[in-house]
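Undergrad: Quick one: this structure, given as structure tokens, is what I'll be asking you about.
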Amino acid sequence: MEWGLAMKISDRDVLLVIDVQNDFCTGGALAVPGGEKVVPAINRIAQKFANVVLTQDWHPSDHVSFAVNHAGKQPFQTIELDYGSQVLWPTHCVQGTAGAEFHGELDVTRASLVVRKGFRRGIDSYSALFENDHRTPTGLLGYLRERELKTVFVAGLALDFCVRFSAEDARKAGCEVVVIEDACRGIDLDGSVAAAHRSFVELSISVISFEAFL
Ligand code: VGL
Ligand code: ZN
């Protein structure tokens with residue numbers, strides 16, 4: 001990775017595009033404010049990368065993260081599960097539904113890999129690398145290692161959940177990690193966007209603007 005006015009991207013760099021799916025965009029089941037606004041930025045950035053990986057939130061309808069599957073619970077409440085605390089969400093990104101499809105304007109043609117996550121009924125997966133028990137691998141870390149991809153640029157939805165967890169896990173696994181802040185949007189539950197920024201500082205995760213690519 002080389003820093004300059006216009007950033008130079010190498011063959012060891014990968015753009016990790018998190019969950020740019022209809023349900024996280026305006027009108028979707030778990031709409032992130034301005035979620036679709038990341039699409040033109042990501043399309044433009046992706047042209048600079050030889051390596052692009054997409055993630056796709058991909059839940060069964062009886063998933064443990066859905067409030068509707070817990071009697072008396074409402075979306076955005078938190079419960080304790082055997083792997084830790086879990087926010088309960090509106091039903092979203094159900095396997096095979098239109099809400100789980102990528103945003104129609106996201107340019108997916110150059111992606112070499114799509115990582116689906118959250119497909120086991122009993123466990124959520126915010127991170128692209130490990131499920132929410134922080135132990136069960138998705139396989140992405142093996143892919144990055146085998147392909148010798150060292151620096152992970154992260155963009156997408158939502159900044160304070162799946163982008164944050166993915167960036168943290170990649171950093172803890174020894175990658176250099178760069179979050180492209182204005183190619184992300186957050187949900188912001190109880191200060192979760194500010195908490196994400198504190199974590200990025202603590203873990204030496206770089207935060208840059210989309211402008212660095214222009
Ligand atoms: C996400 C909540 C539930 C995300 C996914 O993509 O950030 N957030 N599922
Ligand atoms: Zn989800």
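Order determines the names: the first chain of the structure tokens is A, the second B, and so forth; residues in each chain are numbered 1 upward, and ligands are numbered 1 upward as they are shown.
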Dump as JSON lines the rows for residues of chain A within 8 Å of ligand 1: closest atom pair and distance in Å with one decimal, only C-alpha atoms and all ligand atoms counted, ordered by chain and rising residue number.
TA:
{"residue": "A:Ile18", "atom": "CA", "partner": "ligand 1", "partner_atom_place_in_ligand_line": "6 (O)", "distance": 6.7}
{"residue": "A:Asp19", "atom": "CA", "partner": "ligand 1", "partner_atom_place_in_ligand_line": "6 (O)", "distance": 5.1}
{"residue": "A:Val20", "atom": "CA", "partner": "ligand 1", "partner_atom_place_in_ligand_line": "6 (O)", "distance": 7.9}
{"residue": "A:Phe24", "atom": "CA", "partner": "ligand 1", "partner_atom_place_in_ligand_line": "6 (O)", "distance": 7.3}
{"residue": "A:Leu30", "atom": "CA", "partner": "ligand 1", "partner_atom_place_in_ligand_line": "2 (C)", "distance": 7.7}
{"residue": "A:Asp57", "atom": "CA", "partner": "ligand 1", "partner_atom_place_in_ligand_line": "5 (C)", "distance": 6.0}
{"residue": "A:Ser65", "atom": "CA", "partner": "ligand 1", "partner_atom_place_in_ligand_line": "3 (C)", "distance": 7.5}
{"residue": "A:Val87", "atom": "CA", "partner": "ligand 1", "partner_atom_place_in_ligand_line": "2 (C)", "distance": 8.0}
{"residue": "A:Trp89", "atom": "CA", "partner": "ligand 1", "partner_atom_place_in_ligand_line": "3 (C)", "distance": 6.3}
{"residue": "A:His92", "atom": "CA", "partner": "ligand 1", "partner_atom_place_in_ligand_line": "9 (N)", "distance": 7.4}
{"residue": "A:Cys93", "atom": "CA", "partner": "ligand 1", "partner_atom_place_in_ligand_line": "9 (N)", "distance": 7.9}
{"residue": "A:Gly118", "atom": "CA", "partner": "ligand 1", "partner_atom_place_in_ligand_line": "9 (N)", "distance": 7.9}
{"residue": "A:Asp124", "atom": "CA", "partner": "ligand 1", "partner_atom_place_in_ligand_line": "9 (N)", "distance": 7.7}
{"residue": "A:Ser125", "atom": "CA", "partner": "ligand 1", "partner_atom_place_in_ligand_line": "9 (N)", "distance": 7.5}
{"residue": "A:Tyr126", "atom": "CA", "partner": "ligand 1", "partner_atom_place_in_ligand_line": "5 (C)", "distance": 5.8}
{"residue": "A:Leu157", "atom": "CA", "partner": "ligand 1", "partner_atom_place_in_ligand_line": "6 (O)", "distance": 5.1}
{"residue": "A:Ala158", "atom": "CA", "partner": "ligand 1", "partner_atom_place_in_ligand_line": "7 (O)", "distance": 3.8}
{"residue": "A:Leu159", "atom": "CA", "partner": "ligand 1", "partner_atom_place_in_ligand_line": "7 (O)", "distance": 6.7}
{"residue": "A:Asp160", "atom": "CA", "partner": "ligand 1", "partner_atom_place_in_ligand_line": "7 (O)", "distance": 6.8}
{"residue": "A:Phe161", "atom": "CA", "partner": "ligand 1", "partner_atom_place_in_ligand_line": "7 (O)", "distance": 4.2}
{"residue": "A:Cys162", "atom": "CA", "partner": "ligand 1", "partner_atom_place_in_ligand_line": "7 (O)", "distance": 3.8}
{"residue": "A:Val163", "atom": "CA", "partner": "ligand 1", "partner_atom_place_in_ligand_line": "7 (O)", "distance": 6.4}
{"residue": "A:Gly186", "atom": "CA", "partner": "ligand 1", "partner_atom_place_in_ligand_line": "7 (O)", "distance": 7.9}
{"residue": "A:Ile187", "atom": "CA", "partner": "ligand 1", "partner_atom_place_in_ligand_line": "7 (O)", "distance": 7.8}
Undergrad: Give me every alpha helix (DSSP H) residue in segment 164-208 of chain A, going by DSSP on the backbone, as number ranges by chain.
TA: A: 164-172, 192-202
Undergrad: May I have the residues from that selection written out with N, CA, C and O atoms, as a PDB file, in the first residue's frame?
TA:
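again-v2.pdb was written with the following content:
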ATOM      1  N   ARG A 164     -17.612  -2.928  10.856  1.00  0.00           N
ATOM      2  CA  ARG A 164     -16.761  -2.892  12.055  1.00  0.00           C
ATOM      3  C   ARG A 164     -16.207  -4.276  12.409  1.00  0.00           C
ATOM      4  O   ARG A 164     -14.997  -4.442  12.602  1.00  0.00           O
ATOM      5  N   PHE A 165     -17.073  -5.262  12.515  1.00  0.00           N
ATOM      6  CA  PHE A 165     -16.630  -6.601  12.924  1.00  0.00           C
ATOM      7  C   PHE A 165     -15.670  -7.195  11.901  1.00  0.00           C
ATOM      8  O   PHE A 165     -14.698  -7.865  12.259  1.00  0.00           O
ATOM      9  N   SER A 166     -15.918  -6.944  10.628  1.00  0.00           N
ATOM     10  CA  SER A 166     -15.029  -7.473   9.578  1.00  0.00           C
ATOM     11  C   SER A 166     -13.656  -6.820   9.662  1.00  0.00           C
ATOM     12  O   SER A 166     -12.619  -7.492   9.562  1.00  0.00           O
ATOM     13  N   ALA A 167     -13.635  -5.502   9.829  1.00  0.00           N
ATOM     14  CA  ALA A 167     -12.371  -4.772   9.928  1.00  0.00           C
ATOM     15  C   ALA A 167     -11.584  -5.254  11.153  1.00  0.00           C
ATOM     16  O   ALA A 167     -10.376  -5.499  11.074  1.00  0.00           O
ATOM     17  N   GLU A 168     -12.266  -5.406  12.278  1.00  0.00           N
ATOM     18  CA  GLU A 168     -11.588  -5.852  13.508  1.00  0.00           C
ATOM     19  C   GLU A 168     -10.982  -7.239  13.330  1.00  0.00           C
ATOM     20  O   GLU A 168      -9.829  -7.481  13.710  1.00  0.00           O
ATOM     21  N   ASP A 169     -11.742  -8.151  12.768  1.00  0.00           N
ATOM     22  CA  ASP A 169     -11.233  -9.525  12.625  1.00  0.00           C
ATOM     23  C   ASP A 169     -10.067  -9.588  11.641  1.00  0.00           C
ATOM     24  O   ASP A 169      -9.109 -10.336  11.855  1.00  0.00           O
ATOM     25  N   ALA A 170     -10.144  -8.823  10.562  1.00  0.00           N
ATOM     26  CA  ALA A 170      -9.038  -8.820   9.591  1.00  0.00           C
ATOM     27  C   ALA A 170      -7.777  -8.251  10.243  1.00  0.00           C
ATOM     28  O   ALA A 170      -6.677  -8.770  10.064  1.00  0.00           O
ATOM     29  N   ARG A 171      -7.947  -7.202  11.031  1.00  0.00           N
ATOM     30  CA  ARG A 171      -6.805  -6.593  11.719  1.00  0.00           C
ATOM     31  C   ARG A 171      -6.189  -7.564  12.733  1.00  0.00           C
ATOM     32  O   ARG A 171      -4.972  -7.730  12.792  1.00  0.00           O
ATOM     33  N   LYS A 172      -7.066  -8.197  13.524  1.00  0.00           N
ATOM     34  CA  LYS A 172      -6.573  -9.154  14.537  1.00  0.00           C
ATOM     35  C   LYS A 172      -5.886 -10.346  13.894  1.00  0.00           C
ATOM     36  O   LYS A 172      -5.034 -10.989  14.511  1.00  0.00           O
ATOM     37  N   SER A 192     -23.324   3.356  18.658  1.00  0.00           N
ATOM     38  CA  SER A 192     -22.499   2.301  18.053  1.00  0.00           C
ATOM     39  C   SER A 192     -21.566   2.814  16.956  1.00  0.00           C
ATOM     40  O   SER A 192     -20.520   2.208  16.704  1.00  0.00           O
ATOM     41  N   VAL A 193     -21.901   3.950  16.327  1.00  0.00           N
ATOM     42  CA  VAL A 193     -20.978   4.504  15.323  1.00  0.00           C
ATOM     43  C   VAL A 193     -19.735   5.068  16.020  1.00  0.00           C
ATOM     44  O   VAL A 193     -18.596   4.805  15.613  1.00  0.00           O
ATOM     45  N   ALA A 194     -19.947   5.801  17.123  1.00  0.00           N
ATOM     46  CA  ALA A 194     -18.806   6.338  17.879  1.00  0.00           C
ATOM     47  C   ALA A 194     -17.954   5.201  18.438  1.00  0.00           C
ATOM     48  O   ALA A 194     -16.716   5.267  18.421  1.00  0.00           O
ATOM     49  N   ALA A 195     -18.593   4.145  18.901  1.00  0.00           N
ATOM     50  CA  ALA A 195     -17.846   2.987  19.435  1.00  0.00           C
ATOM     51  C   ALA A 195     -17.002   2.342  18.346  1.00  0.00           C
ATOM     52  O   ALA A 195     -15.865   1.919  18.590  1.00  0.00           O
ATOM     53  N   ALA A 196     -17.537   2.283  17.143  1.00  0.00           N
ATOM     54  CA  ALA A 196     -16.779   1.707  16.023  1.00  0.00           C
ATOM     55  C   ALA A 196     -15.529   2.539  15.764  1.00  0.00           C
ATOM     56  O   ALA A 196     -14.430   1.998  15.613  1.00  0.00           O
ATOM     57  N   HIS A 197     -15.675   3.862  15.769  1.00  0.00           N
ATOM     58  CA  HIS A 197     -14.517   4.727  15.529  1.00  0.00           C
ATOM     59  C   HIS A 197     -13.465   4.578  16.620  1.00  0.00           C
ATOM     60  O   HIS A 197     -12.266   4.553  16.331  1.00  0.00           O
ATOM     61  N   ARG A 198     -13.895   4.442  17.878  1.00  0.00           N
ATOM     62  CA  ARG A 198     -12.922   4.228  18.967  1.00  0.00           C
ATOM     63  C   ARG A 198     -12.163   2.919  18.762  1.00  0.00           C
ATOM     64  O   ARG A 198     -10.954   2.844  18.964  1.00  0.00           O
ATOM     65  N   SER A 199     -12.884   1.901  18.354  1.00  0.00           N
ATOM     66  CA  SER A 199     -12.240   0.605  18.117  1.00  0.00           C
ATOM     67  C   SER A 199     -11.230   0.681  16.976  1.00  0.00           C
ATOM     68  O   SER A 199     -10.149   0.083  17.051  1.00  0.00           O
ATOM     69  N   PHE A 200     -11.554   1.429  15.919  1.00  0.00           N
ATOM     70  CA  PHE A 200     -10.623   1.556  14.786  1.00  0.00           C
ATOM     71  C   PHE A 200      -9.310   2.205  15.260  1.00  0.00           C
ATOM     72  O   PHE A 200      -8.223   1.772  14.883  1.00  0.00           O
ATOM     73  N   VAL A 201      -9.426   3.215  16.111  1.00  0.00           N
ATOM     74  CA  VAL A 201      -8.225   3.882  16.621  1.00  0.00           C
ATOM     75  C   VAL A 201      -7.410   2.897  17.461  1.00  0.00           C
ATOM     76  O   VAL A 201      -6.198   2.742  17.284  1.00  0.00           O
ATOM     77  N   GLU A 202      -8.106   2.208  18.355  1.00  0.00           N
ATOM     78  CA  GLU A 202      -7.440   1.280  19.275  1.00  0.00           C
ATOM     79  C   GLU A 202      -6.685   0.172  18.545  1.00  0.00           C
ATOM     80  O   GLU A 202      -5.608  -0.248  18.962  1.00  0.00           O
TER      81      GLU A 202
END
Undergrad: Have a look at A:Ser127, A:Gln74, A:Thr136, A:Thr26 and name the one nearest to ligand 2; count only C-alpha atoms and all ligand atoms.
TA: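 That would be A:Ser127, the residue with the smallest distance to ligand 2.
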Undergrad: In chain A, what's strand (DSSP E or B) per DSSP? Answer as number ranges by chain?
TA: A: 2, 8, 13-18, 21, 52-57, 59, 66, 78-81, 84-87, 89, 94, 102, 113-117, 130, 137, 151-157, 176-185, 206-208
Undergrad: Would you save the residues from that selection as an mmCIF file, in the first residue's frame, using C-alpha atoms?
TA:
data_model
loop_
_atom_site.group_PDB
_atom_site.id
_atom_site.type_symbol
_atom_site.label_atom_id
_atom_site.label_comp_id
_atom_site.auth_asym_id
_atom_site.auth_seq_id
_atom_site.Cartn_x
_atom_site.Cartn_y
_atom_site.Cartn_z
ATOM 1 C CA GLU A 2 1.360 3.378 -0.947
ATOM 2 C CA LYS A 8 -1.843 3.225 -5.615
ATOM 3 C CA ASP A 13 -4.776 -5.456 -1.789
ATOM 4 C CA VAL A 14 -8.404 -6.531 -1.666
ATOM 5 C CA LEU A 15 -11.607 -4.494 -1.567
ATOM 6 C CA LEU A 16 -14.078 -6.148 0.806
ATOM 7 C CA VAL A 17 -17.614 -4.926 0.075
ATOM 8 C CA ILE A 18 -19.925 -5.638 2.980
ATOM 9 C CA GLN A 21 -28.126 -5.603 -0.275
ATOM 10 C CA VAL A 52 -12.847 -7.607 -5.002
ATOM 11 C CA VAL A 53 -14.749 -9.762 -2.492
ATOM 12 C CA LEU A 54 -18.426 -9.254 -1.635
ATOM 13 C CA THR A 55 -20.307 -10.411 1.437
ATOM 14 C CA GLN A 56 -23.993 -11.256 1.467
ATOM 15 C CA ASP A 57 -26.031 -11.501 4.677
ATOM 16 C CA HIS A 59 -30.345 -15.863 6.863
ATOM 17 C CA PHE A 66 -34.818 -12.103 14.127
ATOM 18 C CA THR A 78 -30.694 -7.211 22.997
ATOM 19 C CA ILE A 79 -30.758 -10.759 24.372
ATOM 20 C CA GLU A 80 -28.073 -13.046 25.801
ATOM 21 C CA LEU A 81 -27.240 -16.189 23.853
ATOM 22 C CA GLY A 84 -22.764 -13.554 23.936
ATOM 23 C CA SER A 85 -25.213 -10.698 23.516
ATOM 24 C CA GLN A 86 -27.222 -10.452 20.340
ATOM 25 C CA VAL A 87 -29.241 -7.536 18.999
ATOM 26 C CA TRP A 89 -33.305 -7.348 14.208
ATOM 27 C CA VAL A 94 -33.827 -14.032 4.086
ATOM 28 C CA PHE A 102 -27.345 -7.104 -4.001
ATOM 29 C CA LEU A 113 -15.714 -14.257 -4.392
ATOM 30 C CA VAL A 114 -19.049 -13.856 -2.628
ATOM 31 C CA VAL A 115 -19.002 -14.838 1.045
ATOM 32 C CA ARG A 116 -22.430 -15.662 2.437
ATOM 33 C CA LYS A 117 -22.795 -15.365 6.181
ATOM 34 C CA PHE A 130 -15.779 -15.261 11.897
ATOM 35 C CA PRO A 137 -14.629 -19.373 10.435
ATOM 36 C CA THR A 151 -4.242 -5.260 2.950
ATOM 37 C CA VAL A 152 -8.002 -5.216 3.283
ATOM 38 C CA PHE A 153 -9.952 -2.104 2.268
ATOM 39 C CA VAL A 154 -13.474 -2.251 3.695
ATOM 40 C CA ALA A 155 -16.635 -0.495 2.481
ATOM 41 C CA GLY A 156 -20.376 -1.092 2.701
ATOM 42 C CA LEU A 157 -23.085 -1.635 5.321
ATOM 43 C CA GLU A 176 -3.446 -4.066 7.341
ATOM 44 C CA VAL A 177 -6.995 -2.701 7.333
ATOM 45 C CA VAL A 178 -8.353 0.500 5.805
ATOM 46 C CA VAL A 179 -11.986 1.525 6.248
ATOM 47 C CA ILE A 180 -13.247 3.809 3.488
ATOM 48 C CA GLU A 181 -15.514 5.852 5.713
ATOM 49 C CA ASP A 182 -17.695 7.663 3.200
ATOM 50 C CA ALA A 183 -18.247 4.423 1.270
ATOM 51 C CA CYS A 184 -19.979 3.139 4.431
ATOM 52 C CA ARG A 185 -23.165 4.069 6.303
ATOM 53 C CA SER A 206 -6.902 3.281 9.126
ATOM 54 C CA VAL A 207 -9.913 5.374 8.189
ATOM 55 C CA ILE A 208 -9.785 7.206 4.875
#
Undergrad: Tell me which of A:Val32, A:Ala212, A:Ala67, A:Ala111 sits closest to Gln47 of chain A, counting only C-alpha atoms.
TA: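 Ranking A:Val32, A:Ala212, A:Ala67, A:Ala111 by distance to Gln47 of chain A, first place goes to A:Ala111.
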Undergrad: What is the distance, in Å and to one decimal place, between atom CA of Arg121 of chain A and atom CA of Val108 of chain A?
TA: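 For atom CA of Arg121 of chain A relative to atom CA of Val108 of chain A, the distance reads 27.1 Å.
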Undergrad: Which residue gives the smallest distance to Ser112 of chain A among A:Ala50, A:Tyr83, A:Val64, A:Pro75, with only C-alpha atoms counted?
TA: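 Checking each of A:Ala50, A:Tyr83, A:Val64, A:Pro75 against Ser112 of chain A, counting only C-alpha atoms, the winner is A:Ala50.
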